[in-house]
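The data block below is work_25.txt; it holds compact mmCIF, C-alpha atoms.
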# COMPACT_ATOMS: atom_id res chain seq x y z
CA MET D 1 75.37 124.05 101.88
CA ALA D 2 74.77 124.09 98.15
CA GLY D 3 75.90 127.10 96.17
CA PRO D 4 74.52 128.52 92.94
CA ASN D 5 76.85 126.51 90.69
CA ASP D 6 76.74 123.25 92.66
CA SER D 7 74.79 121.57 89.86
CA ASP D 8 78.22 121.07 88.25
CA PRO D 9 79.76 118.02 89.97
CA VAL D 10 83.31 119.42 89.88
CA THR D 11 82.22 122.66 91.54
CA ALA D 12 80.29 120.74 94.17
CA LEU D 13 83.23 118.44 94.90
CA VAL D 14 85.67 121.34 95.16
CA ARG D 15 83.31 123.04 97.61
CA LEU D 16 83.19 119.87 99.75
CA LEU D 17 86.94 119.39 99.49
CA ALA D 18 87.53 122.99 100.57
CA GLU D 19 85.32 122.50 103.63
CA ALA D 20 87.22 119.36 104.59
CA LEU D 21 90.60 121.03 104.07
CA VAL D 22 89.64 123.99 106.23
CA ALA D 23 88.59 121.57 108.98
CA LEU D 24 91.90 119.71 108.65
CA GLY D 25 93.83 122.97 108.79
CA ARG D 26 91.92 124.18 111.84
CA ALA D 27 92.64 120.84 113.51
CA GLY D 28 96.33 121.78 113.54
CA GLN D 29 97.32 120.21 110.23
CA PRO D 30 97.51 123.06 107.70
CA ASP D 31 100.57 121.58 105.97
CA ALA D 32 98.76 118.31 105.33
CA ALA D 33 95.72 120.27 104.10
CA ASN D 34 97.93 122.33 101.78
CA ARG D 35 99.60 119.22 100.34
CA ILE D 36 96.18 117.80 99.47
CA ALA D 37 94.98 121.16 98.11
CA GLY D 38 98.10 121.42 95.97
CA ARG D 39 97.48 118.04 94.41
CA ALA D 40 93.84 118.94 93.76
CA TRP D 41 94.89 122.29 92.25
CA SER D 42 97.27 120.46 89.91
CA ALA D 43 94.52 118.08 88.81
CA LEU D 44 92.09 120.93 88.09
CA ARG D 45 94.18 123.80 86.76
CA HIS D 46 93.97 123.02 83.04
CA ASP D 47 90.38 121.86 82.63
CA HIS D 48 88.75 123.68 85.56
CA PRO D 49 90.74 126.90 86.15
CA HIS D 50 88.00 128.59 88.21
CA GLU D 51 87.88 125.73 90.70
CA ALA D 52 91.70 125.54 90.75
CA GLU D 53 91.84 129.25 91.60
CA ARG D 54 89.46 128.66 94.48
CA LEU D 55 91.88 126.05 95.86
CA ASN D 56 94.80 128.42 95.31
CA ASN D 57 93.05 131.04 97.44
CA LEU D 58 92.28 128.43 100.07
CA MET D 59 95.95 127.43 100.22
CA HIS D 60 96.92 131.02 101.00
CA GLY D 61 94.48 131.03 103.91
CA LEU D 62 95.67 127.65 105.17
CA ALA D 63 99.27 128.86 105.15
CA LYS D 64 98.33 131.44 107.80
CA LEU D 65 97.00 128.85 110.25
CA PRO D 66 99.22 127.68 113.13
CA SER D 67 100.66 124.22 112.75
CA ASN D 68 100.79 121.48 115.37
CA PRO D 69 104.04 119.64 114.49
CA GLU D 70 103.11 116.57 116.55
CA LYS D 71 99.87 116.14 114.58
CA GLU D 72 101.62 116.89 111.29
CA ASN D 73 104.19 114.16 111.90
CA ARG D 74 101.49 111.64 112.75
CA MET D 75 99.59 112.60 109.62
CA SER D 76 102.54 112.31 107.29
CA THR D 77 103.55 108.89 108.55
CA SER D 78 100.05 107.43 108.69
CA GLU D 79 98.03 106.29 105.76
CA LEU D 80 94.68 107.66 104.70
CA GLU D 81 91.72 105.59 105.84
CA LEU D 82 88.61 105.68 103.67
CA ASP D 83 85.65 104.28 105.60
CA VAL D 84 82.75 103.92 103.18
CA ARG D 85 80.37 102.09 105.52
CA THR D 86 78.22 105.19 106.04
CA GLU D 87 78.11 106.11 102.34
CA VAL D 88 75.20 105.09 100.15
CA PRO D 89 76.23 102.06 98.09
CA ALA D 90 75.85 103.89 94.78
CA ARG D 91 78.52 106.41 95.82
CA ARG D 92 81.11 104.07 97.34
CA HIS D 93 83.01 102.98 94.24
CA GLU D 94 83.20 106.56 92.97
CA LEU D 95 84.78 107.70 96.24
CA ILE D 96 87.21 104.80 96.22
CA PHE D 97 88.33 105.39 92.64
CA ASP D 98 88.68 109.15 93.28
CA THR D 99 90.85 108.42 96.30
CA TYR D 100 93.01 106.05 94.25
CA GLU D 101 93.39 108.60 91.44
CA ASN D 102 94.79 111.14 93.92
CA LEU D 103 97.53 108.81 95.15
CA GLY D 104 101.13 109.31 94.17
CA ALA D 105 103.34 106.42 93.09
CA GLY D 106 104.00 104.13 96.04
CA GLU D 107 101.18 105.61 98.13
CA GLY D 108 98.11 103.82 99.36
CA PHE D 109 95.02 104.03 101.51
CA MET D 110 93.08 101.77 103.83
CA LEU D 111 89.59 100.94 102.61
CA VAL D 112 87.13 100.06 105.37
CA ASN D 113 83.93 98.40 104.19
CA ASP D 114 80.98 96.44 105.58
CA HIS D 115 81.27 93.63 103.02
CA ASP D 116 83.95 91.94 100.94
CA PRO D 117 84.86 94.46 98.21
CA LYS D 118 85.89 91.71 95.77
CA PRO D 119 83.81 93.17 92.87
CA LEU D 120 85.78 96.39 93.31
CA TYR D 121 89.00 94.39 92.93
CA TYR D 122 87.88 93.25 89.49
CA GLN D 123 87.04 96.82 88.50
CA PHE D 124 90.54 97.91 89.54
CA ALA D 125 92.02 94.99 87.60
CA ALA D 126 90.10 96.04 84.49
CA GLU D 127 91.08 99.72 84.68
CA HIS D 128 94.50 99.64 86.39
CA GLU D 129 96.04 96.24 85.64
CA GLY D 130 99.58 96.10 87.01
CA GLU D 131 99.27 99.58 88.53
CA PHE D 132 97.72 98.78 91.92
CA SER D 133 98.18 96.59 94.95
CA TRP D 134 95.38 94.96 96.96
CA ASP D 135 96.06 93.51 100.40
CA TYR D 136 93.38 92.24 102.75
CA LEU D 137 94.17 93.14 106.36
CA GLU D 138 90.81 92.14 107.86
CA GLN D 139 88.18 89.92 106.25
CA GLY D 140 84.90 90.22 108.08
CA PRO D 141 82.45 89.09 109.07
CA GLU D 142 81.42 92.67 109.94
CA VAL D 143 84.38 94.76 108.79
CA TRP D 144 86.74 94.37 105.85
CA ARG D 145 89.98 96.35 105.66
CA VAL D 146 91.91 96.40 102.40
CA ARG D 147 95.06 98.36 101.68
CA ILE D 148 94.86 99.64 98.12
CA GLY D 149 98.03 101.14 96.72
CA ARG D 150 99.42 102.67 93.56
CA THR D 151 102.52 100.78 92.50
CA PRO D 152 105.74 102.79 92.13

Just give me the structure as structure tokens.
Amino acid sequence: MAGPNDSDPVTALVRLLAEALVALGRAGQPDAANRIAGRAWSALRHDHPHEAERLNNLMHGLAKLPSNPEKENRMSTSELELDVRTEVPARRHELIFDTYENLGAGEGFMLVNDHDPKPLYYQFAAEHEGEFSWDYLEQGPEVWRVRIGRTP
């Protein structure tokens, strides 16, 4: 639900991120949610201190949730999957680049798409030459899976 300051894209994204992190925490993975929140807090704290403080408060709440160690272990050893097939085309590349920007060195994610994302490859090559990996794991005709990583 939109809030009074959701006309600012950063505020709107932090609100959506917070909702997703609460859901992740309530699903028995508060440590994974806190790791993501911590990275987001770090990215926001200098230029968007109000939004960073909101994430800081969220982290304190997440720390109180019970953890399911079995789910935590699965989460930490599995890779993030970003399925953009249900997103409107105009939003897909933005989500993919945002996901990439939040990766640490040596980390990656699985992109799932309904067409060959080759144009996206060229955008990555233009902006992140030598800093990313691109490995097709499935190449259609209905589903494409590409592992995109940040080189160490």

Out of D:Arg150, D:His46, D:Arg35, D:Arg145, which residue has the shortest atom-to-atom distance to Arg85 in chain D when counting all atoms listed in the file?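 Going through D:Arg150, D:His46, D:Arg35, D:Arg145 one by one, the smallest distance to Arg85 in chain D is for D:Arg145.
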
Please provide as a list of chain:residue names all residues within 12 Å of His93 in chain D, with the sequence filter that same-chain residues fewer than 4 positions apart are discarded (counting all atoms listed in the file).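 Residues near the query, excluding close chain neighbours: D:Leu82, D:Asp83, D:Val84, D:Arg85, D:Glu87, D:Val88, D:Pro89, D:Phe97, D:Asp98, D:Thr99, D:Tyr100, D:Leu111, D:Asn113, D:Pro117, D:Lys118, D:Pro119, D:Leu120, D:Tyr121, D:Tyr122, D:Gln123, D:Phe124.
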
If you measure from CA of Trp144 in chain D to CA of Gly130 in chain D, what distance in Å do you get, rounded to one decimal?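 Separating CA of Trp144 in chain D from CA of Gly130 in chain D is a distance of 22.9 Å.
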
For Leu65 in chain D, the nearest of the candidates D:Ala43, D:Ala27, D:Ala20, D:Ala105, counting all atoms listed in the file: D:Ala27

Taking all atoms listed in the file into account, name the residue in D:Asn102, D:Thr86, D:Gln139, D:Asp8 that is nearest to Gly38 in chain D. D:Asn102

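Nearest residue to Pro141 in chain D among D:Glu127, D:Asp114, D:Glu107, D:Asp31 is D:Asp114, counting all atoms listed in the file.
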
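Atom pair CA of Leu103 in chain D / CA of Leu24 in chain D: separated by 18.2 Å.
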
Cut-off 12 Å around (88.0, 123.7, 101.2) with all atoms listed in the file: residues as a VMD selection string: chain D and resid 11 to 26 30 33 to 34 36 to 38 40 to 41 51 to 62

For Glu81 in chain D, find every residue with an atom within 8 Å (counting only C-alpha atoms), except residues of its own chain fewer than 5 positions away, and show them as a list in words.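 The contact residues come out as Phe109, Met110, Leu111 and Val112 of chain D.
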
Computed interatomic separation between CA of Gly108 in chain D and CA of Glu129 in chain D (Å):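 According to the coordinates, CA of Gly108 in chain D and CA of Glu129 in chain D are separated by 15.8 Å.
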
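Proximity of D:Pro9, D:Gly106, D:Pro49, D:Gly28 to Ala63 in chain D, computed with all atoms listed in the file, is greatest for D:Gly28.
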
Step by step: start from the point (97.6, 91.3, 98.8) in the file's coordinates, keep every protein, DNA or RNA residue that has an atom no farther than 9 Å from it, count only C-alpha atoms, and write the set as a ChimeraX atom specification. /D:133-137,146-148

Kindly indicate which residue among D:Val143, D:Gly104, D:Asp116, D:Gly149 lies nearest to Arg39 in chain D, using all atoms listed in the file for the distances.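 Answer, going by the shortest atom-to-atom distance: D:Gly104.
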
Residue rebuild result range 135-150 of chain D, N, CA and C atoms as a compact mmCIF listing (two decimals), keeping the file's coordinate frame:
# COMPACT_ATOMS: atom_id res chain seq x y z
N ASP D 135 95.68 94.39 99.29
CA ASP D 135 96.06 93.51 100.40
C ASP D 135 94.98 93.52 101.47
N TYR D 136 94.36 92.36 101.68
CA TYR D 136 93.38 92.24 102.75
C TYR D 136 94.11 92.27 104.10
N LEU D 137 93.64 93.11 105.01
CA LEU D 137 94.17 93.14 106.36
C LEU D 137 93.16 92.62 107.37
N GLU D 138 91.88 92.68 107.02
CA GLU D 138 90.81 92.14 107.86
C GLU D 138 89.70 91.69 106.92
N GLN D 139 89.18 90.47 107.16
CA GLN D 139 88.18 89.92 106.25
C GLN D 139 86.94 89.48 106.99
N GLY D 140 86.20 90.44 107.51
CA GLY D 140 84.90 90.22 108.08
C GLY D 140 84.87 89.44 109.37
N PRO D 141 83.71 89.08 109.81
CA PRO D 141 82.45 89.09 109.07
C PRO D 141 81.73 90.44 109.04
N GLU D 142 82.12 91.38 109.92
CA GLU D 142 81.42 92.67 109.94
C GLU D 142 82.21 93.79 109.28
N VAL D 143 83.53 93.70 109.34
CA VAL D 143 84.38 94.76 108.79
C VAL D 143 85.45 94.14 107.90
N TRP D 144 85.66 94.75 106.75
CA TRP D 144 86.74 94.37 105.85
C TRP D 144 87.67 95.57 105.73
N ARG D 145 88.96 95.31 105.85
CA ARG D 145 89.98 96.35 105.66
C ARG D 145 90.92 95.87 104.56
N VAL D 146 91.05 96.72 103.53
CA VAL D 146 91.91 96.40 102.40
C VAL D 146 92.82 97.58 102.14
N ARG D 147 94.12 97.30 102.06
CA ARG D 147 95.06 98.36 101.68
C ARG D 147 95.14 98.35 100.17
N ILE D 148 94.79 99.47 99.56
CA ILE D 148 94.86 99.64 98.12
C ILE D 148 95.97 100.64 97.84
N GLY D 149 96.89 100.27 96.99
CA GLY D 149 98.03 101.14 96.72
C GLY D 149 98.26 101.34 95.24
N ARG D 150 98.98 102.40 94.94
CA ARG D 150 99.42 102.67 93.56
C ARG D 150 100.87 102.22 93.49
